[in-house]
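Printed here is start.cif (mmCIF, C-alpha atoms):
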data_my_file
loop_
_atom_site.label_atom_id
_atom_site.label_comp_id
_atom_site.auth_asym_id
_atom_site.auth_seq_id
_atom_site.Cartn_x
_atom_site.Cartn_y
_atom_site.Cartn_z
CA MET A 1244 12.58 -14.36 8.73
CA PRO A 1245 11.20 -11.79 6.26
CA GLU A 1246 8.31 -9.47 7.05
CA THR A 1247 5.48 -10.16 4.61
CA ILE A 1248 3.86 -7.24 2.83
CA CYS A 1249 0.61 -7.93 1.01
CA LEU A 1250 0.89 -5.98 -2.24
CA LEU A 1251 -2.40 -4.90 -3.79
CA PRO A 1252 -1.58 -2.96 -6.99
CA GLY A 1253 -5.24 -2.35 -7.85
CA ASP A 1254 -6.31 -0.47 -10.95
CA GLY A 1255 -5.34 2.38 -13.26
CA ILE A 1256 -2.11 3.95 -12.10
CA GLY A 1257 -2.05 1.71 -8.99
CA PRO A 1258 0.29 -0.96 -10.42
CA GLU A 1259 2.79 1.68 -11.58
CA VAL A 1260 2.78 3.51 -8.24
CA THR A 1261 3.02 0.34 -6.15
CA ALA A 1262 5.90 -0.95 -8.31
CA ALA A 1263 7.81 2.26 -7.58
CA ALA A 1264 6.94 1.99 -3.88
CA VAL A 1265 8.28 -1.58 -3.81
CA GLU A 1266 11.58 -0.37 -5.29
CA VAL A 1267 11.85 2.22 -2.50
CA LEU A 1268 10.97 -0.34 0.18
CA GLU A 1269 13.51 -2.81 -1.19
CA ALA A 1270 16.24 -0.14 -1.22
CA ALA A 1271 15.40 0.88 2.36
CA ALA A 1272 15.34 -2.77 3.43
CA ARG A 1273 18.80 -3.38 1.96
CA ARG A 1274 20.19 -0.30 3.65
CA HIS A 1275 18.77 -1.24 7.04
CA ARG A 1276 19.32 -5.00 6.65
CA LEU A 1277 15.64 -5.88 6.76
CA ALA A 1278 14.14 -8.89 5.05
CA LEU A 1279 10.91 -8.22 3.16
CA ALA A 1280 8.71 -10.61 1.20
CA PHE A 1281 5.96 -9.34 -1.07
CA GLN A 1282 2.82 -11.31 -1.79
CA THR A 1283 0.83 -9.81 -4.66
CA GLN A 1284 -2.96 -10.19 -4.64
CA LEU A 1285 -5.88 -8.79 -6.61
CA ILE A 1286 -8.34 -6.12 -5.51
CA GLY A 1287 -10.82 -3.80 -7.21
CA GLY A 1288 -11.38 -3.89 -10.96
CA ALA A 1289 -8.42 -6.23 -11.51
CA ALA A 1290 -10.03 -8.72 -9.12
CA LEU A 1291 -13.45 -8.29 -10.73
CA ARG A 1292 -11.99 -9.09 -14.15
CA ALA A 1293 -10.00 -12.10 -12.94
CA ALA A 1294 -12.14 -13.54 -10.12
CA GLY A 1295 -15.59 -11.97 -10.52
CA GLU A 1296 -15.49 -10.17 -7.15
CA PRO A 1297 -13.71 -7.02 -5.91
CA LEU A 1298 -12.16 -8.64 -2.80
CA PRO A 1299 -11.45 -12.34 -3.34
CA ALA A 1300 -11.10 -14.54 -0.25
CA ALA A 1301 -7.41 -15.14 -1.06
CA THR A 1302 -6.76 -11.39 -1.00
CA ARG A 1303 -8.58 -10.95 2.30
CA GLN A 1304 -6.69 -13.86 3.88
CA ALA A 1305 -3.31 -12.62 2.60
CA ALA A 1306 -3.96 -9.10 3.92
CA LEU A 1307 -4.97 -10.43 7.34
CA ALA A 1308 -1.88 -12.67 7.51
CA ALA A 1309 0.62 -10.02 6.37
CA ARG A 1310 2.64 -7.67 8.54
CA ALA A 1311 1.59 -4.75 6.30
CA VAL A 1312 -0.54 -4.00 3.24
CA LEU A 1313 0.59 -1.77 0.37
CA LEU A 1314 -2.47 -0.69 -1.59
CA GLY A 1315 -2.56 1.05 -4.95
CA ALA A 1316 -5.44 2.91 -6.54
CA VAL A 1317 -8.80 1.13 -6.77
CA GLY A 1318 -11.49 1.96 -9.29
CA ALA A 1319 -12.24 1.55 -12.99
CA PRO A 1320 -14.80 3.50 -15.06
CA GLU A 1321 -15.99 0.32 -16.79
CA PHE A 1322 -17.72 -0.69 -13.53
CA ASP A 1323 -19.47 2.66 -12.88
CA GLY A 1324 -22.90 1.38 -13.92
CA GLU A 1325 -22.63 -1.89 -12.00
CA PRO A 1326 -24.43 -2.74 -8.74
CA PRO A 1327 -22.41 -2.26 -5.51
CA ALA A 1328 -21.25 -5.90 -5.37
CA ARG A 1329 -19.55 -5.40 -8.76
CA LYS A 1330 -17.78 -2.11 -8.02
CA PRO A 1331 -14.02 -2.00 -7.42
CA GLU A 1332 -14.48 0.31 -4.43
CA THR A 1333 -16.53 -2.35 -2.66
CA GLY A 1334 -13.30 -4.35 -2.41
CA LEU A 1335 -11.57 -1.43 -0.74
CA LEU A 1336 -14.41 -0.99 1.77
CA GLY A 1337 -14.38 -4.74 2.49
CA LEU A 1338 -10.62 -4.66 3.07
CA ARG A 1339 -10.95 -1.72 5.45
CA ARG A 1340 -13.68 -3.57 7.34
CA ALA A 1341 -11.64 -6.80 7.52
CA LEU A 1342 -8.55 -4.98 8.80
CA GLY A 1343 -10.49 -2.81 11.25
CA CYS A 1344 -9.33 0.40 9.56
CA PHE A 1345 -11.35 3.42 10.59
CA ALA A 1346 -9.15 6.32 9.51
CA ASN A 1347 -6.52 7.45 7.03
CA LEU A 1348 -3.55 9.10 8.69
CA ARG A 1349 -1.99 11.64 6.35
CA PRO A 1350 1.15 13.20 7.79
CA MET A 1351 2.27 16.57 6.49
CA TYR A 1352 5.57 18.27 7.13
CA ARG A 1353 7.14 21.14 5.30
CA LEU A 1354 10.37 20.61 3.38
CA PRO A 1355 12.45 23.82 3.34
CA GLY A 1356 12.27 25.54 -0.03
CA ALA A 1357 9.62 23.18 -1.42
CA GLY A 1358 7.76 26.19 -2.80
CA ASN A 1359 4.37 24.49 -3.11
CA SER A 1360 2.34 26.64 -0.74
CA PRO A 1361 0.37 29.82 -1.41
CA LEU A 1362 1.51 30.97 2.06
CA ARG A 1363 4.79 32.74 2.69
CA GLU A 1364 7.70 30.50 3.66
CA GLU A 1365 7.95 31.99 7.16
CA ILE A 1366 4.32 31.06 7.84
CA VAL A 1367 4.62 27.41 6.80
CA ALA A 1368 8.24 26.79 7.84
CA GLY A 1369 8.35 23.98 10.37
CA ALA A 1370 4.79 22.82 9.70
CA ASN A 1371 4.33 19.29 10.99
CA PHE A 1372 0.88 17.79 11.53
CA VAL A 1373 -1.32 14.81 10.74
CA VAL A 1374 -4.69 14.95 9.00
CA VAL A 1375 -7.01 12.21 10.28
CA ARG A 1376 -9.71 11.31 7.74
CA GLU A 1377 -12.37 8.96 9.05
CA LEU A 1378 -13.49 6.08 6.84
CA THR A 1379 -16.60 4.76 8.52
CA GLY A 1380 -19.39 7.14 7.62
CA GLY A 1381 -20.39 10.17 5.64
CA LEU A 1382 -19.96 9.94 1.90
CA TYR A 1383 -18.34 6.52 2.06
CA PHE A 1384 -21.70 4.99 2.85
CA GLY A 1385 -24.06 7.81 1.86
CA GLU A 1386 -27.36 7.07 0.18
CA PRO A 1387 -28.78 7.81 -2.27
CA ARG A 1388 -25.88 7.76 -4.69
CA GLY A 1389 -25.60 7.25 -8.40
CA PHE A 1390 -25.63 8.96 -11.76
CA ALA A 1391 -28.20 11.25 -13.33
CA GLY A 1392 -27.42 12.00 -16.95
CA ASP A 1393 -23.90 13.41 -17.07
CA ALA A 1394 -23.71 14.16 -13.32
CA ALA A 1395 -22.85 11.99 -10.35
CA PHE A 1396 -24.29 12.42 -6.84
CA ASN A 1397 -23.53 11.09 -3.40
CA THR A 1398 -25.50 12.07 -0.33
CA MET A 1399 -24.24 12.74 3.16
CA ARG A 1400 -26.91 13.25 5.80
#

Let me see the file written as structure tokens.
Amino acid sequence: MPETICLLPGDGIGPEVTAAAVEVLEAAARRHRLALAFQTQLIGGAALRAAGEPLPAATRQAALAARAVLLGAVGAPEFDGEPPARKPETGLLGLRRALGCFANLRPMYRLPGAGNSPLREEIVAGANFVVVRELTGGLYFGEPRGFAGDAAFNTMR
């Protein structure tokens, strides 16, 4: 029986990036004889345009039922002036809440000869760590937030 992955391409470059990620997952699945099934749903600006809300019930249900969720970028400038209920990012926050996500885990390891560090190779060689970025407070939910002329502001207390 295949493992279901809820695919949420999102907005902007999200569909392009998630399409490439699906190709990689499919290649890995073939190599390791895994069965994957992808169920594409809407989130963010794409969902607002199609369904009038950033996290439709069908998307929430599919994400909760899936073995994994592959999420693309969420956000679209056309919604910047809208109230919170009509912002693409509200869909992302709702998804995190529904799935009980409280942190991003961002692993980092150094590939020999990658050459993308301002530090000498001998200092970063063998680097292997995880950055944990919390998602439940701070600027994610800071108030006041908004736009003033040509500047944006977000408050963390």

**OP:** Name the residues captured by the PyMOL selection byres ((chain A and resi 1384-1397) around 12) when it is applied to the shown file; answer as a VMD selection string.
**Re:** chain A and resid 1323 to 1327 1332 to 1333 1336 1377 to 1383 1398 to 1400

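Between atom CA of Met1351 of chain A and atom CA of Asn1371 of chain A there is a distance of 5.6 Å.
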
Subject >> Distance criterion (all atoms listed in the file): nearest to Thr1247 of chain A out of A:Ala1306, A:Ile1286, A:Val1267, A:Pro1297 >> reply: A:Ala1306

Do you know which residues the PyMOL selection byres ((chain A and resi 1289) around 10) returns on this file, as a short mmCIF file (atom, residue, chain, number, x, y, z; two decimals) with C-alpha atoms, keeping the file's coordinate frame?
data_model
loop_
_atom_site.label_atom_id
_atom_site.label_comp_id
_atom_site.auth_asym_id
_atom_site.auth_seq_id
_atom_site.Cartn_x
_atom_site.Cartn_y
_atom_site.Cartn_z
CA LEU A 1251 -2.40 -4.90 -3.79
CA PRO A 1252 -1.58 -2.96 -6.99
CA GLY A 1253 -5.24 -2.35 -7.85
CA ASP A 1254 -6.31 -0.47 -10.95
CA GLY A 1255 -5.34 2.38 -13.26
CA GLN A 1284 -2.96 -10.19 -4.64
CA LEU A 1285 -5.88 -8.79 -6.61
CA ILE A 1286 -8.34 -6.12 -5.51
CA GLY A 1287 -10.82 -3.80 -7.21
CA GLY A 1288 -11.38 -3.89 -10.96
CA ALA A 1290 -10.03 -8.72 -9.12
CA LEU A 1291 -13.45 -8.29 -10.73
CA ARG A 1292 -11.99 -9.09 -14.15
CA ALA A 1293 -10.00 -12.10 -12.94
CA ALA A 1294 -12.14 -13.54 -10.12
CA GLY A 1295 -15.59 -11.97 -10.52
CA GLU A 1296 -15.49 -10.17 -7.15
CA PRO A 1297 -13.71 -7.02 -5.91
CA LEU A 1298 -12.16 -8.64 -2.80
CA VAL A 1317 -8.80 1.13 -6.77
CA GLY A 1318 -11.49 1.96 -9.29
CA ALA A 1319 -12.24 1.55 -12.99
CA PRO A 1331 -14.02 -2.00 -7.42
#

**OP:** Counting only C-alpha atoms, figure out which residue out of A:Leu1277, A:Leu1268, A:Leu1348, A:Leu1250 gets nearest to Arg1303 of chain A.
**Re:** A:Leu1250

**OP:** Return as a PyMOL selection string the set of residues that the PyMOL selection byres ((chain A and resi 1370) around 6) yields on the displayed structure.
**Re:** chain A and resi 1352-1353+1367-1369+1371

Original post:
Taking into account only C-alpha atoms, which residue in the set A:Leu1362, A:Ala1270, A:Val1373, A:Glu1246 is nearest to Ala1309 of chain A?
Top reply: A:Glu1246

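Distances from A:Val1374, A:Leu1313, A:Leu1335, A:Ile1256 to Arg1349 of chain A were compared using only C-alpha atoms, and the smallest one belongs to A:Val1374.
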
**OP:** Using all atoms listed in the file, find the one residue out of A:Ala1280, A:Gly1337, A:Met1244, A:Ala1328 that sits nearest to Ala1311 of chain A.
**Re:**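 With all atoms listed in the file as the atom set, the closest residue is A:Ala1280.
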
Original post:
Given the choices A:Cys1249, A:Ile1366, A:Leu1338, A:Cys1344, which gets closest to Phe1281 of chain A if the distance is worked out from all atoms listed in the file?
Top reply: A:Cys1249

**OP:** Between atom CA of Pro1258 of chain A and atom CA of Arg1273 of chain A, measure the distance and give it in Å to one decimal.
**Re:** 22.4 Å

Original post:
Hey, can you check how far atom CA of Ala1301 of chain A sits from atom CA of Ile1248 of chain A?
Top reply: 14.3 Å

Output segment 1323-1337 of chain A with N, CA and C atoms present, as a CSV table (one decimal), in the coordinates of the input.
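As written to disk, out_38.csv reads:
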chain,number,residue,atom,x,y,z
A,1323,ASP,N,-18.7,1.6,-13.5
A,1323,ASP,CA,-19.5,2.7,-12.9
A,1323,ASP,C,-21.0,2.3,-12.9
A,1324,GLY,N,-21.5,1.7,-13.9
A,1324,GLY,CA,-22.9,1.4,-13.9
A,1324,GLY,C,-23.3,0.1,-13.2
A,1325,GLU,N,-22.4,-0.6,-12.6
A,1325,GLU,CA,-22.6,-1.9,-12.0
A,1325,GLU,C,-23.2,-1.7,-10.6
A,1326,PRO,N,-23.9,-2.8,-10.1
A,1326,PRO,CA,-24.4,-2.7,-8.7
A,1326,PRO,C,-23.3,-2.8,-7.7
A,1327,PRO,N,-23.5,-2.4,-6.5
A,1327,PRO,CA,-22.4,-2.3,-5.5
A,1327,PRO,C,-21.5,-3.5,-5.4
A,1328,ALA,N,-22.1,-4.7,-5.5
A,1328,ALA,CA,-21.2,-5.9,-5.4
A,1328,ALA,C,-20.2,-6.0,-6.5
A,1329,ARG,N,-20.5,-5.3,-7.6
A,1329,ARG,CA,-19.6,-5.4,-8.8
A,1329,ARG,C,-18.8,-4.1,-9.0
A,1330,LYS,N,-18.6,-3.3,-7.9
A,1330,LYS,CA,-17.8,-2.1,-8.0
A,1330,LYS,C,-16.4,-2.3,-7.4
A,1331,PRO,N,-15.4,-1.8,-8.0
A,1331,PRO,CA,-14.0,-2.0,-7.4
A,1331,PRO,C,-13.9,-1.5,-6.0
A,1332,GLU,N,-14.6,-0.3,-5.7
A,1332,GLU,CA,-14.5,0.3,-4.4
A,1332,GLU,C,-15.1,-0.5,-3.3
A,1333,THR,N,-16.0,-1.4,-3.7
A,1333,THR,CA,-16.5,-2.4,-2.7
A,1333,THR,C,-15.4,-3.2,-2.1
A,1334,GLY,N,-14.4,-3.6,-2.9
A,1334,GLY,CA,-13.3,-4.4,-2.4
A,1334,GLY,C,-12.5,-3.6,-1.4
A,1335,LEU,N,-12.3,-2.3,-1.7
A,1335,LEU,CA,-11.6,-1.4,-0.7
A,1335,LEU,C,-12.3,-1.3,0.6
A,1336,LEU,N,-13.6,-1.1,0.5
A,1336,LEU,CA,-14.4,-1.0,1.8
A,1336,LEU,C,-14.4,-2.3,2.5
A,1337,GLY,N,-14.5,-3.4,1.8
A,1337,GLY,CA,-14.4,-4.7,2.5
A,1337,GLY,C,-13.0,-5.0,3.2
